[in-house]
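Everything below belongs to final-v9.cif, which stores mmCIF, C-alpha atoms and all ligand atoms.
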data_query
#
loop_
_atom_site.group_PDB
_atom_site.id
_atom_site.type_symbol
_atom_site.label_atom_id
_atom_site.label_comp_id
_atom_site.auth_asym_id
_atom_site.auth_seq_id
_atom_site.Cartn_x
_atom_site.Cartn_y
_atom_site.Cartn_z
ATOM 1 C CA MET Z 1 12.961 4.167 14.036
ATOM 2 C CA GLN Z 2 10.833 5.261 16.985
ATOM 3 C CA ILE Z 3 7.614 7.157 16.315
ATOM 4 C CA SER Z 4 7.271 9.936 18.833
ATOM 5 C CA PRO Z 5 6.061 13.521 19.142
ATOM 6 C CA GLY Z 6 7.945 15.432 16.464
ATOM 7 C CA THR Z 7 8.216 12.545 13.978
ATOM 8 C CA ARG Z 8 7.592 13.955 10.503
ATOM 9 C CA ALA Z 9 5.609 11.460 8.441
ATOM 10 C CA LEU Z 10 4.129 11.740 4.955
ATOM 11 C CA VAL Z 11 1.315 9.338 3.998
ATOM 12 C CA THR Z 12 -0.061 9.012 0.459
ATOM 13 C CA GLY Z 13 -3.668 7.932 0.068
ATOM 14 C CA ALA Z 14 -4.422 9.517 3.447
ATOM 15 C CA SER Z 15 -8.004 10.512 2.602
ATOM 16 C CA SER Z 16 -9.450 6.995 3.035
ATOM 17 C CA GLY Z 17 -8.983 3.437 4.264
ATOM 18 C CA ILE Z 18 -5.523 2.209 5.196
ATOM 19 C CA GLY Z 19 -3.821 5.578 4.622
ATOM 20 C CA ARG Z 20 -6.363 7.355 6.780
ATOM 21 C CA ALA Z 21 -5.951 4.746 9.546
ATOM 22 C CA LEU Z 22 -2.177 5.198 9.358
ATOM 23 C CA ALA Z 23 -2.491 8.991 9.546
ATOM 24 C CA GLU Z 24 -4.742 8.634 12.594
ATOM 25 C CA ALA Z 25 -2.365 6.188 14.294
ATOM 26 C CA LEU Z 26 0.632 8.438 13.604
ATOM 27 C CA ALA Z 27 -1.125 11.578 14.810
ATOM 28 C CA ALA Z 28 -2.232 9.746 17.971
ATOM 29 C CA ARG Z 29 1.471 9.138 18.687
ATOM 30 C CA GLY Z 30 2.232 12.842 18.259
ATOM 31 C CA ALA Z 31 3.644 12.688 14.744
ATOM 32 C CA GLN Z 32 3.231 15.577 12.346
ATOM 33 C CA VAL Z 33 1.617 14.100 9.247
ATOM 34 C CA GLY Z 34 1.713 15.225 5.622
ATOM 35 C CA LEU Z 35 -1.643 14.120 4.192
ATOM 36 C CA VAL Z 36 -1.477 13.315 0.455
ATOM 37 C CA ALA Z 37 -4.437 12.374 -1.788
ATOM 38 C CA ARG Z 38 -6.509 14.024 -4.519
ATOM 39 C CA SER Z 39 -9.633 14.759 -2.443
ATOM 40 C CA LEU Z 40 -9.049 18.135 -0.798
ATOM 41 C CA PRO Z 41 -12.256 18.254 1.323
ATOM 42 C CA GLU Z 42 -11.527 14.813 2.853
ATOM 43 C CA LEU Z 43 -7.935 15.815 3.630
ATOM 44 C CA GLU Z 44 -9.007 19.108 5.197
ATOM 45 C CA ALA Z 45 -11.637 17.382 7.335
ATOM 46 C CA LEU Z 46 -9.098 14.776 8.447
ATOM 47 C CA ALA Z 47 -6.460 17.392 9.326
ATOM 48 C CA GLU Z 48 -9.093 19.198 11.358
ATOM 49 C CA ALA Z 49 -10.137 16.014 13.192
ATOM 50 C CA LEU Z 50 -6.627 14.782 14.045
ATOM 51 C CA PRO Z 51 -4.835 15.876 17.205
ATOM 52 C CA GLY Z 52 -1.937 18.231 16.461
ATOM 53 C CA ARG Z 53 -1.061 20.232 13.331
ATOM 54 C CA HIS Z 54 -0.804 18.490 9.981
ATOM 55 C CA ALA Z 55 -0.171 19.426 6.363
ATOM 56 C CA VAL Z 56 -2.859 19.058 3.699
ATOM 57 C CA LEU Z 57 -1.104 18.178 0.445
ATOM 58 C CA PRO Z 58 -3.594 17.634 -2.407
ATOM 59 C CA CYS Z 59 -1.745 15.768 -5.119
ATOM 60 C CA ASP Z 60 -2.099 13.074 -7.785
ATOM 61 C CA VAL Z 61 0.679 10.569 -7.038
ATOM 62 C CA GLY Z 62 0.728 9.667 -10.724
ATOM 63 C CA ASP Z 63 2.160 13.110 -11.487
ATOM 64 C CA ALA Z 64 5.886 13.058 -10.674
ATOM 65 C CA SER Z 65 6.361 16.820 -10.443
ATOM 66 C CA ALA Z 66 3.259 17.218 -8.240
ATOM 67 C CA VAL Z 67 4.579 14.521 -5.869
ATOM 68 C CA GLN Z 68 8.004 16.185 -5.782
ATOM 69 C CA ALA Z 69 6.404 19.530 -4.916
ATOM 70 C CA ALA Z 70 4.222 18.011 -2.175
ATOM 71 C CA VAL Z 71 7.107 16.126 -0.550
ATOM 72 C CA ASP Z 72 9.467 19.108 -0.746
ATOM 73 C CA ARG Z 73 6.805 21.431 0.685
ATOM 74 C CA PHE Z 74 6.140 19.110 3.625
ATOM 75 C CA ALA Z 75 9.860 18.624 4.375
ATOM 76 C CA ALA Z 76 10.460 22.381 4.208
ATOM 77 C CA GLU Z 77 7.523 23.221 6.474
ATOM 78 C CA ALA Z 78 8.201 20.388 8.939
ATOM 79 C CA GLY Z 79 11.968 20.949 8.937
ATOM 80 C CA GLY Z 80 12.729 17.482 7.554
ATOM 81 C CA LEU Z 81 11.218 14.088 6.853
ATOM 82 C CA ASP Z 82 11.483 10.895 8.936
ATOM 83 C CA LEU Z 83 8.890 8.508 7.556
ATOM 84 C CA VAL Z 84 7.194 8.141 4.184
ATOM 85 C CA VAL Z 85 4.344 5.744 3.427
ATOM 86 C CA ALA Z 86 3.670 4.954 -0.257
ATOM 87 C CA ASN Z 87 0.110 3.722 0.132
ATOM 88 C CA ALA Z 88 -2.093 5.445 -2.480
ATOM 89 C CA GLY Z 89 -3.645 2.953 -4.849
ATOM 90 C CA LEU Z 90 -6.702 1.813 -6.754
ATOM 91 C CA THR Z 91 -8.149 -1.287 -8.370
ATOM 92 C CA HIS Z 92 -9.975 -2.260 -11.531
ATOM 93 C CA TYR Z 93 -10.824 -5.944 -11.166
ATOM 94 C CA ARG Z 94 -11.670 -7.371 -14.585
ATOM 95 C CA PRO Z 95 -10.567 -10.331 -16.701
ATOM 96 C CA VAL Z 96 -7.619 -9.495 -18.963
ATOM 97 C CA ALA Z 97 -9.651 -10.128 -22.138
ATOM 98 C CA GLU Z 98 -12.235 -7.526 -21.044
ATOM 99 C CA GLN Z 99 -9.956 -4.910 -19.515
ATOM 100 C CA PRO Z 100 -9.532 -1.589 -21.311
ATOM 101 C CA LEU Z 101 -5.883 -0.548 -21.545
ATOM 102 C CA GLY Z 102 -6.759 2.727 -19.854
ATOM 103 C CA GLU Z 103 -7.504 0.855 -16.619
ATOM 104 C CA VAL Z 104 -4.161 -0.946 -16.757
ATOM 105 C CA GLU Z 105 -2.388 2.330 -17.441
ATOM 106 C CA GLN Z 106 -4.134 4.072 -14.533
ATOM 107 C CA MET Z 107 -3.244 1.313 -12.048
ATOM 108 C CA THR Z 108 0.329 1.315 -13.341
ATOM 109 C CA ARG Z 109 0.581 5.092 -13.027
ATOM 110 C CA VAL Z 110 -0.907 5.332 -9.520
ATOM 111 C CA ASN Z 111 0.034 2.050 -7.786
ATOM 112 C CA TRP Z 112 3.452 1.434 -9.295
ATOM 113 C CA LEU Z 113 4.788 4.731 -10.673
ATOM 114 C CA GLY Z 114 3.139 6.625 -7.801
ATOM 115 C CA THR Z 115 5.264 4.545 -5.425
ATOM 116 C CA VAL Z 116 8.398 5.268 -7.454
ATOM 117 C CA TYR Z 117 7.627 9.014 -7.593
ATOM 118 C CA THR Z 118 6.950 9.154 -3.855
ATOM 119 C CA ILE Z 119 10.175 7.365 -2.929
ATOM 120 C CA HIS Z 120 12.212 9.292 -5.512
ATOM 121 C CA ALA Z 121 11.025 12.570 -3.996
ATOM 122 C CA ALA Z 122 11.419 11.468 -0.367
ATOM 123 C CA LEU Z 123 14.749 9.640 -0.498
ATOM 124 C CA PRO Z 124 17.069 12.695 -0.655
ATOM 125 C CA HIS Z 125 15.350 14.135 2.430
ATOM 126 C CA LEU Z 126 15.673 10.841 4.333
ATOM 127 C CA LEU Z 127 19.284 10.244 3.291
ATOM 128 C CA GLY Z 128 20.153 13.864 4.120
ATOM 129 C CA GLY Z 129 18.951 13.273 7.681
ATOM 130 C CA ARG Z 130 20.826 9.910 7.784
ATOM 131 C CA ARG Z 131 17.792 8.307 9.395
ATOM 132 C CA GLY Z 132 14.281 7.412 8.435
ATOM 133 C CA HIS Z 133 11.926 4.775 7.160
ATOM 134 C CA ILE Z 134 9.992 3.998 3.989
ATOM 135 C CA VAL Z 135 6.796 1.923 4.033
ATOM 136 C CA VAL Z 136 5.427 0.488 0.789
ATOM 137 C CA VAL Z 137 1.857 -0.823 0.871
ATOM 138 C CA SER Z 138 1.819 -3.670 -1.636
ATOM 139 C CA SER Z 139 -0.756 -6.500 -1.382
ATOM 140 C CA GLY Z 140 -1.162 -10.236 -1.009
ATOM 141 C CA ALA Z 141 -1.836 -9.938 -4.758
ATOM 142 C CA GLY Z 142 1.831 -8.957 -5.104
ATOM 143 C CA LEU Z 143 2.808 -12.367 -3.729
ATOM 144 C CA ARG Z 144 0.296 -14.415 -5.701
ATOM 145 C CA SER Z 145 -2.008 -12.767 -8.232
ATOM 146 C CA PHE Z 146 -5.586 -13.907 -8.709
ATOM 147 C CA PRO Z 147 -7.864 -14.302 -11.752
ATOM 148 C CA GLY Z 148 -9.640 -11.018 -12.429
ATOM 149 C CA ALA Z 149 -6.842 -9.021 -10.834
ATOM 150 C CA ALA Z 150 -3.942 -9.707 -13.189
ATOM 151 C CA ALA Z 151 -2.957 -6.100 -13.884
ATOM 152 C CA TYR Z 152 -3.575 -4.991 -10.292
ATOM 153 C CA GLY Z 153 -1.447 -7.910 -9.031
ATOM 154 C CA ALA Z 154 1.309 -6.930 -11.458
ATOM 155 C CA THR Z 155 1.460 -3.387 -10.030
ATOM 156 C CA LYS Z 156 1.641 -4.832 -6.510
ATOM 157 C CA ALA Z 157 4.387 -7.295 -7.513
ATOM 158 C CA ALA Z 158 6.323 -4.363 -9.005
ATOM 159 C CA GLN Z 159 6.182 -2.615 -5.638
ATOM 160 C CA ARG Z 160 7.431 -5.791 -3.941
ATOM 161 C CA GLY Z 161 10.436 -6.104 -6.257
ATOM 162 C CA TYR Z 162 11.320 -2.442 -5.858
ATOM 163 C CA SER Z 163 11.053 -2.299 -2.072
ATOM 164 C CA THR Z 164 12.878 -5.602 -1.523
ATOM 165 C CA ALA Z 165 15.947 -4.380 -3.430
ATOM 166 C CA LEU Z 166 15.742 -0.885 -1.947
ATOM 167 C CA ARG Z 167 15.894 -2.204 1.623
ATOM 168 C CA HIS Z 168 19.248 -3.817 0.789
ATOM 169 C CA GLU Z 169 20.533 -0.830 -1.194
ATOM 170 C CA LEU Z 170 19.954 1.393 1.826
ATOM 171 C CA ALA Z 171 22.017 -0.801 4.188
ATOM 172 C CA GLY Z 172 24.216 1.407 6.369
ATOM 173 C CA THR Z 173 22.458 4.664 5.463
ATOM 174 C CA GLY Z 174 20.204 4.865 8.528
ATOM 175 C CA VAL Z 175 17.174 4.608 6.235
ATOM 176 C CA SER Z 176 15.169 1.387 6.013
ATOM 177 C CA VAL Z 177 12.174 -0.121 4.229
ATOM 178 C CA THR Z 178 9.135 -2.167 5.265
ATOM 179 C CA THR Z 179 6.794 -3.760 2.710
ATOM 180 C CA VAL Z 180 3.177 -4.364 3.693
ATOM 181 C CA TYR Z 181 1.112 -7.243 2.276
ATOM 182 C CA PRO Z 182 -2.533 -6.805 3.251
ATOM 183 C CA GLY Z 183 -5.180 -9.365 2.423
ATOM 184 C CA GLU Z 184 -8.793 -8.175 2.309
ATOM 185 C CA ILE Z 185 -9.134 -4.994 4.383
ATOM 186 C CA ALA Z 186 -12.434 -3.166 4.946
ATOM 187 C CA THR Z 187 -11.949 0.073 2.959
ATOM 188 C CA ALA Z 188 -13.478 1.900 -0.008
ATOM 189 C CA LEU Z 189 -11.025 0.235 -2.452
ATOM 190 C CA HIS Z 190 -13.666 -1.803 -4.321
ATOM 191 C CA ASP Z 191 -16.699 0.445 -3.790
ATOM 192 C CA HIS Z 192 -16.865 1.295 -7.517
ATOM 193 C CA GLU Z 193 -16.827 -2.356 -8.602
ATOM 194 C CA ARG Z 194 -18.750 -4.297 -5.937
ATOM 195 C CA GLU Z 195 -21.120 -5.793 -8.534
ATOM 196 C CA ARG Z 196 -18.342 -7.382 -10.582
ATOM 197 C CA MET Z 197 -16.024 -8.737 -7.867
ATOM 198 C CA PRO Z 198 -14.771 -12.272 -8.577
ATOM 199 C CA GLY Z 199 -16.314 -15.207 -6.676
ATOM 200 C CA TRP Z 200 -13.144 -15.745 -4.626
ATOM 201 C CA TYR Z 201 -13.348 -12.267 -3.055
ATOM 202 C CA ARG Z 202 -14.625 -12.275 0.547
ATOM 203 C CA ALA Z 203 -15.979 -8.833 1.505
ATOM 204 C CA ASP Z 204 -17.581 -10.231 4.686
ATOM 205 C CA ASP Z 205 -14.192 -11.420 5.933
ATOM 206 C CA ALA Z 206 -12.379 -8.094 5.404
ATOM 207 C CA LYS Z 207 -10.188 -7.050 8.327
ATOM 208 C CA PRO Z 208 -10.093 -3.586 9.976
ATOM 209 C CA ALA Z 209 -7.654 -0.993 8.623
ATOM 210 C CA THR Z 210 -6.961 0.227 12.165
ATOM 211 C CA THR Z 211 -5.430 -3.144 13.147
ATOM 212 C CA LEU Z 212 -3.256 -3.095 10.030
ATOM 213 C CA ALA Z 213 -2.129 0.470 10.808
ATOM 214 C CA ALA Z 214 -1.092 -0.555 14.341
ATOM 215 C CA LYS Z 215 0.910 -3.472 12.911
ATOM 216 C CA VAL Z 216 2.652 -1.155 10.428
ATOM 217 C CA LEU Z 217 3.749 1.230 13.179
ATOM 218 C CA THR Z 218 5.096 -1.691 15.230
ATOM 219 C CA ALA Z 219 6.965 -2.930 12.154
ATOM 220 C CA VAL Z 220 8.519 0.489 11.526
ATOM 221 C CA GLU Z 221 9.707 0.690 15.124
ATOM 222 C CA GLY Z 222 11.105 -2.847 14.945
ATOM 223 C CA ASP Z 223 12.615 -2.307 11.477
ATOM 224 C CA ARG Z 224 10.676 -5.309 10.192
ATOM 225 C CA ARG Z 225 11.154 -6.317 6.588
ATOM 226 C CA GLU Z 226 7.503 -7.190 5.986
ATOM 227 C CA VAL Z 227 3.994 -6.998 7.421
ATOM 228 C CA TYR Z 228 1.381 -9.634 6.518
ATOM 229 C CA TYR Z 229 -2.203 -9.098 7.640
ATOM 230 C CA PRO Z 230 -4.092 -11.317 8.062
ATOM 231 C CA ALA Z 231 -1.426 -13.954 8.775
ATOM 232 C CA LEU Z 232 -2.839 -16.236 6.092
ATOM 233 C CA VAL Z 233 -1.299 -13.926 3.474
ATOM 234 C CA ARG Z 234 2.130 -14.968 4.687
ATOM 235 C CA LEU Z 235 1.222 -18.650 4.388
ATOM 236 C CA LEU Z 236 -0.001 -18.074 0.832
ATOM 237 C CA GLY Z 237 3.281 -16.341 -0.063
ATOM 238 C CA VAL Z 238 5.357 -19.163 1.420
ATOM 239 C CA VAL Z 239 3.335 -21.957 -0.181
ATOM 240 C CA ASN Z 240 3.262 -20.214 -3.559
ATOM 241 C CA GLY Z 241 7.031 -19.660 -3.373
ATOM 242 C CA VAL Z 242 7.658 -23.337 -2.686
ATOM 243 C CA SER Z 243 5.041 -24.749 -5.054
ATOM 244 C CA PRO Z 244 2.552 -22.677 -7.112
ATOM 245 C CA ARG Z 245 0.664 -25.914 -7.794
ATOM 246 C CA LEU Z 246 0.208 -26.487 -4.064
ATOM 247 C CA ALA Z 247 -0.952 -22.866 -3.729
ATOM 248 C CA ASP Z 248 -3.512 -23.541 -6.493
ATOM 249 C CA ARG Z 249 -4.937 -26.401 -4.445
ATOM 250 C CA MET Z 250 -4.904 -24.401 -1.236
ATOM 251 C CA LEU Z 251 -6.740 -21.491 -2.890
ATOM 252 C CA HIS Z 252 -9.176 -23.805 -4.643
ATOM 253 C CA ARG Z 253 -10.102 -25.362 -1.325
ATOM 254 C CA MET Z 254 -10.282 -22.088 0.620
ATOM 255 C CA ARG Z 255 -11.794 -19.734 -1.960
ATOM 256 C CA GLY Z 256 -13.448 -21.982 -4.541
ATOM 257 C CA ALA Z 257 -12.752 -22.732 -8.192
ATOM 258 C CA SER Z 258 -12.698 -19.074 -9.300
ATOM 259 C CA ALA Z 259 -9.496 -18.531 -7.276
ATOM 260 C CA ALA Z 260 -7.558 -21.190 -9.224
ATOM 261 C CA PRO Z 261 -9.640 -22.785 -12.019
ATOM 262 C CA ARG Z 262 -6.703 -24.873 -13.330
ATOM 263 C CA LEU Z 263 -5.294 -27.607 -11.108
ATOM 264 C CA ASP Z 264 -3.004 -29.180 -13.738
HETATM 265 N N1 LIG L 1 -8.344 -2.765 0.992
HETATM 266 C C1 LIG L 1 -7.735 -3.888 0.682
HETATM 267 O O1 LIG L 1 -8.316 -4.987 0.782
HETATM 268 C C2 LIG L 1 -6.293 -3.859 0.247
HETATM 269 C C3 LIG L 1 -5.607 -5.073 0.153
HETATM 270 C C4 LIG L 1 -4.294 -5.079 -0.272
HETATM 271 C C5 LIG L 1 -3.670 -3.888 -0.576
HETATM 272 N N2 LIG L 1 -4.343 -2.709 -0.491
HETATM 273 C C6 LIG L 1 -3.652 -1.477 -0.864
HETATM 274 O O2 LIG L 1 -3.811 -0.511 0.147
HETATM 275 C C7 LIG L 1 -3.646 0.778 -0.422
HETATM 276 C C8 LIG L 1 -4.729 1.697 0.128
HETATM 277 O O3 LIG L 1 -5.990 1.247 -0.340
HETATM 278 P P1 LIG L 1 -7.301 1.248 0.570
HETATM 279 O O4 LIG L 1 -7.735 -0.150 0.690
HETATM 280 O O5 LIG L 1 -7.099 2.054 1.777
HETATM 281 O O6 LIG L 1 -8.344 1.925 -0.443
HETATM 282 P P2 LIG L 1 -9.154 3.297 -0.376
HETATM 283 O O7 LIG L 1 -9.971 3.366 0.855
HETATM 284 O O8 LIG L 1 -9.860 3.373 -1.694
HETATM 285 O O9 LIG L 1 -8.003 4.389 -0.323
HETATM 286 C C9 LIG L 1 -7.187 4.647 -1.429
HETATM 287 C C10 LIG L 1 -6.455 5.948 -1.200
HETATM 288 O O10 LIG L 1 -5.593 6.184 -2.323
HETATM 289 C C11 LIG L 1 -5.822 7.514 -2.775
HETATM 290 N N3 LIG L 1 -5.564 7.651 -4.189
HETATM 291 C C12 LIG L 1 -6.104 6.947 -5.208
HETATM 292 N N4 LIG L 1 -5.640 7.406 -6.385
HETATM 293 C C13 LIG L 1 -4.777 8.412 -6.085
HETATM 294 C C14 LIG L 1 -3.981 9.285 -6.871
HETATM 295 N N5 LIG L 1 -3.966 9.222 -8.217
HETATM 296 N N6 LIG L 1 -3.218 10.199 -6.226
HETATM 297 C C15 LIG L 1 -3.239 10.288 -4.878
HETATM 298 N N7 LIG L 1 -3.962 9.499 -4.090
HETATM 299 C C16 LIG L 1 -4.725 8.576 -4.694
HETATM 300 C C17 LIG L 1 -7.289 7.790 -2.432
HETATM 301 O O11 LIG L 1 -7.541 9.179 -2.294
HETATM 302 P P3 LIG L 1 -8.187 10.130 -3.404
HETATM 303 O O12 LIG L 1 -9.240 9.335 -4.104
HETATM 304 O O13 LIG L 1 -8.684 11.261 -2.594
HETATM 305 O O14 LIG L 1 -7.066 10.537 -4.298
HETATM 306 C C18 LIG L 1 -7.394 7.129 -1.071
HETATM 307 O O15 LIG L 1 -6.932 7.992 -0.074
HETATM 308 C C19 LIG L 1 -3.681 0.596 -1.937
HETATM 309 O O16 LIG L 1 -2.367 0.677 -2.459
HETATM 310 C C20 LIG L 1 -4.211 -0.809 -2.113
HETATM 311 O O17 LIG L 1 -3.752 -1.420 -3.294
HETATM 312 C C21 LIG L 1 -5.645 -2.672 -0.076
#

Whole structure, structure tokens version:
Amino acid sequence: MQISPGTRALVTGASSGIGRALAEALAARGAQVGLVARSLPELEALAEALPGRHAVLPCDVGDASAVQAAVDRFAAEAGGLDLVVANAGLTHYRPVAEQPLGEVEQMTRVNWLGTVYTIHAALPHLLGGRRGHIVVVSSGAGLRSFPGAAAYGATKAAQRGYSTALRHELAGTGVSVTTVYPGEIATALHDHERERMPGWYRADDAKPATTLAAKVLTAVEGDRREVYYPALVRLLGVVNGVSPRLADRMLHRMRGASAAPRLD
């Protein structure tokens, strides 16, 4: 699918980080963007700053009926929908034994069910137009989960399973799917938990969201199955798929013992 002036694109989690960078990249190409997140002031300021006219759609993606209403409103106002990006997400990094269930439930509701609700609401519009594209922002943690991020990794793996099957289910419909596997990206994702990040996490090595956004747009236009950024995420996925034990050793060497304490 080509992104051009007139493309109607809805991005969840558009108020910050990767979603914001995607909204900016889309607007720069002339797309009309539906901006979804909970923070109304941030969305309004972004809509004001972007070139062109865009829709501010305050919404909690963990609320299925609110997502449905936001997607339907955008499609009605824009006269259709071409591209949807299920990106909204959050983290609570904590060892399983210390993690309150409420944190697991929140990540499940926003990261995993929020993706399902977004796609469920968008799919009829895309299929009705017989063309379009879905982007799911998963994570390297969806390929190989890390100590301290078990529940988060599980929500990201759920997205991976869903989007992989969906891409095949949509064969011949004119609608396609790209799954995105970012590594560490410089955003606000961990701002609330900087003091308790695991030893393996590398904040100083985080990559820019703008580069990732450019890669996602290229992938949409090339109907690519996946985006890995940085490229090392792809290597980790391949190695872990072939031999989790080898991936343990690779992670141990690259990120220290906290990344893979057991080498048995
Ligand atoms: N940064 C990384 O290193 C990294 C790596 C791998 C994957 N990812 C994934 O990338 C995606 C975007 O994260 P980010 O790094 O850009 O973090 P971010 O800067 O914290 O942005 C997260 C976005 O999600 C929105 N959001 C959170 N809860 C929401 C809810 N209940 N309903 C609607 N919107 C909600 C936030 O907006 P409001 O707070 O205004 O609602 C914000 O716009 C996430 O799915 C994350 O798992 C990030």

Tell me which residues the PyMOL selection byres (((not hetatm)) within 8 of (chain L and resi 1)) grabs here, as a ChimeraX atom specification.
-> /Z:12-20,36-40,42-43,58-63,86-91,109-111,114,137-141,152,156,181-191,206,209

Can I get the selected residues back with C-alpha atoms, as a PDB file, in the coordinates of the input?
ATOM      1  CA  THR Z  12      -0.061   9.012   0.459  1.00  0.00           C
ATOM      2  CA  GLY Z  13      -3.668   7.932   0.068  1.00  0.00           C
ATOM      3  CA  ALA Z  14      -4.422   9.517   3.447  1.00  0.00           C
ATOM      4  CA  SER Z  15      -8.004  10.512   2.602  1.00  0.00           C
ATOM      5  CA  SER Z  16      -9.450   6.995   3.035  1.00  0.00           C
ATOM      6  CA  GLY Z  17      -8.983   3.437   4.264  1.00  0.00           C
ATOM      7  CA  ILE Z  18      -5.523   2.209   5.196  1.00  0.00           C
ATOM      8  CA  GLY Z  19      -3.821   5.578   4.622  1.00  0.00           C
ATOM      9  CA  ARG Z  20      -6.363   7.355   6.780  1.00  0.00           C
ATOM     10  CA  VAL Z  36      -1.477  13.315   0.455  1.00  0.00           C
ATOM     11  CA  ALA Z  37      -4.437  12.374  -1.788  1.00  0.00           C
ATOM     12  CA  ARG Z  38      -6.509  14.024  -4.519  1.00  0.00           C
ATOM     13  CA  SER Z  39      -9.633  14.759  -2.443  1.00  0.00           C
ATOM     14  CA  LEU Z  40      -9.049  18.135  -0.798  1.00  0.00           C
ATOM     15  CA  GLU Z  42     -11.527  14.813   2.853  1.00  0.00           C
ATOM     16  CA  LEU Z  43      -7.935  15.815   3.630  1.00  0.00           C
ATOM     17  CA  PRO Z  58      -3.594  17.634  -2.407  1.00  0.00           C
ATOM     18  CA  CYS Z  59      -1.745  15.768  -5.119  1.00  0.00           C
ATOM     19  CA  ASP Z  60      -2.099  13.074  -7.785  1.00  0.00           C
ATOM     20  CA  VAL Z  61       0.679  10.569  -7.038  1.00  0.00           C
ATOM     21  CA  GLY Z  62       0.728   9.667 -10.724  1.00  0.00           C
ATOM     22  CA  ASP Z  63       2.160  13.110 -11.487  1.00  0.00           C
ATOM     23  CA  ALA Z  86       3.670   4.954  -0.257  1.00  0.00           C
ATOM     24  CA  ASN Z  87       0.110   3.722   0.132  1.00  0.00           C
ATOM     25  CA  ALA Z  88      -2.093   5.445  -2.480  1.00  0.00           C
ATOM     26  CA  GLY Z  89      -3.645   2.953  -4.849  1.00  0.00           C
ATOM     27  CA  LEU Z  90      -6.702   1.813  -6.754  1.00  0.00           C
ATOM     28  CA  THR Z  91      -8.149  -1.287  -8.370  1.00  0.00           C
ATOM     29  CA  ARG Z 109       0.581   5.092 -13.027  1.00  0.00           C
ATOM     30  CA  VAL Z 110      -0.907   5.332  -9.520  1.00  0.00           C
ATOM     31  CA  ASN Z 111       0.034   2.050  -7.786  1.00  0.00           C
ATOM     32  CA  GLY Z 114       3.139   6.625  -7.801  1.00  0.00           C
ATOM     33  CA  VAL Z 137       1.857  -0.823   0.871  1.00  0.00           C
ATOM     34  CA  SER Z 138       1.819  -3.670  -1.636  1.00  0.00           C
ATOM     35  CA  SER Z 139      -0.756  -6.500  -1.382  1.00  0.00           C
ATOM     36  CA  GLY Z 140      -1.162 -10.236  -1.009  1.00  0.00           C
ATOM     37  CA  ALA Z 141      -1.836  -9.938  -4.758  1.00  0.00           C
ATOM     38  CA  TYR Z 152      -3.575  -4.991 -10.292  1.00  0.00           C
ATOM     39  CA  LYS Z 156       1.641  -4.832  -6.510  1.00  0.00           C
ATOM     40  CA  TYR Z 181       1.112  -7.243   2.276  1.00  0.00           C
ATOM     41  CA  PRO Z 182      -2.533  -6.805   3.251  1.00  0.00           C
ATOM     42  CA  GLY Z 183      -5.180  -9.365   2.423  1.00  0.00           C
ATOM     43  CA  GLU Z 184      -8.793  -8.175   2.309  1.00  0.00           C
ATOM     44  CA  ILE Z 185      -9.134  -4.994   4.383  1.00  0.00           C
ATOM     45  CA  ALA Z 186     -12.434  -3.166   4.946  1.00  0.00           C
ATOM     46  CA  THR Z 187     -11.949   0.073   2.959  1.00  0.00           C
ATOM     47  CA  ALA Z 188     -13.478   1.900  -0.008  1.00  0.00           C
ATOM     48  CA  LEU Z 189     -11.025   0.235  -2.452  1.00  0.00           C
ATOM     49  CA  HIS Z 190     -13.666  -1.803  -4.321  1.00  0.00           C
ATOM     50  CA  ASP Z 191     -16.699   0.445  -3.790  1.00  0.00           C
ATOM     51  CA  ALA Z 206     -12.379  -8.094   5.404  1.00  0.00           C
ATOM     52  CA  ALA Z 209      -7.654  -0.993   8.623  1.00  0.00           C
TER      53      ALA Z 209
END

Centre, x/y/z edge lengths, axis-aligned box for region 24-33 of chain Z with 3 Å per side, as AutoDock Vina command-line options:
--center_x -0.5 --center_y 10.9 --center_z 14.0 --size_x 14.4 --size_y 15.4 --size_z 15.4

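Put simply, the PyMOL selection byres (((chain Z and resi 27) around 9) and not hetatm) in this file takes in Pro5, Leu22, Ala23, Glu24, Ala25, Leu26, Ala28, Arg29, Gly30, Ala31, Gln32, Val33, Leu50, Pro51, Gly52, Arg53 and His54 of chain Z.
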
Ground truth for the PyMOL selection byres (((chain Z and resi 225) around 10) and not hetatm), written as a compact mmCIF listing (two decimals) with C-alpha atoms, in the frame of the given file:
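Result file is part-v1.txt:
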# COMPACT_ATOMS: atom_id res chain seq x y z
CA VAL Z 135 6.80 1.92 4.03
CA SER Z 163 11.05 -2.30 -2.07
CA THR Z 164 12.88 -5.60 -1.52
CA ARG Z 167 15.89 -2.20 1.62
CA SER Z 176 15.17 1.39 6.01
CA VAL Z 177 12.17 -0.12 4.23
CA THR Z 178 9.14 -2.17 5.26
CA THR Z 179 6.79 -3.76 2.71
CA VAL Z 180 3.18 -4.36 3.69
CA ALA Z 219 6.96 -2.93 12.15
CA VAL Z 220 8.52 0.49 11.53
CA GLY Z 222 11.10 -2.85 14.94
CA ASP Z 223 12.62 -2.31 11.48
CA ARG Z 224 10.68 -5.31 10.19
CA GLU Z 226 7.50 -7.19 5.99
CA VAL Z 227 3.99 -7.00 7.42

Spatial neighbours of region 248-258 of chain Z, 12 Å, all atoms listed in the file, chain gap at least 6 places, as a PyMOL selection string | chain Z and resi 95+144-149+197-202+205+232-233+235-242+264

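For Gln68 (chain Z), the non-local neighbours within 9 Å, defined as residues at least 5 positions apart in the same chain or in other chains and counting only C-alpha atoms, are Asp63, Arg73, Tyr117, Thr118, His120, Ala121 and Ala122 of chain Z.
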
Could you give me, as a list in words, the residues that have an atom at most 12 Å away from the point (17.6, 9.0, 5.7) in the coordinates of the file, using only C-alpha atoms?
-> Met1, Gly80, Leu81, Asp82, Leu83, Val84, Ile119, Ala122, Leu123, Pro124, His125, Leu126, Leu127, Gly128, Gly129, Arg130, Arg131, Gly132, His133, Ile134, Leu170, Ala171, Gly172, Thr173, Gly174, Val175, Ser176 and Val177 of chain Z
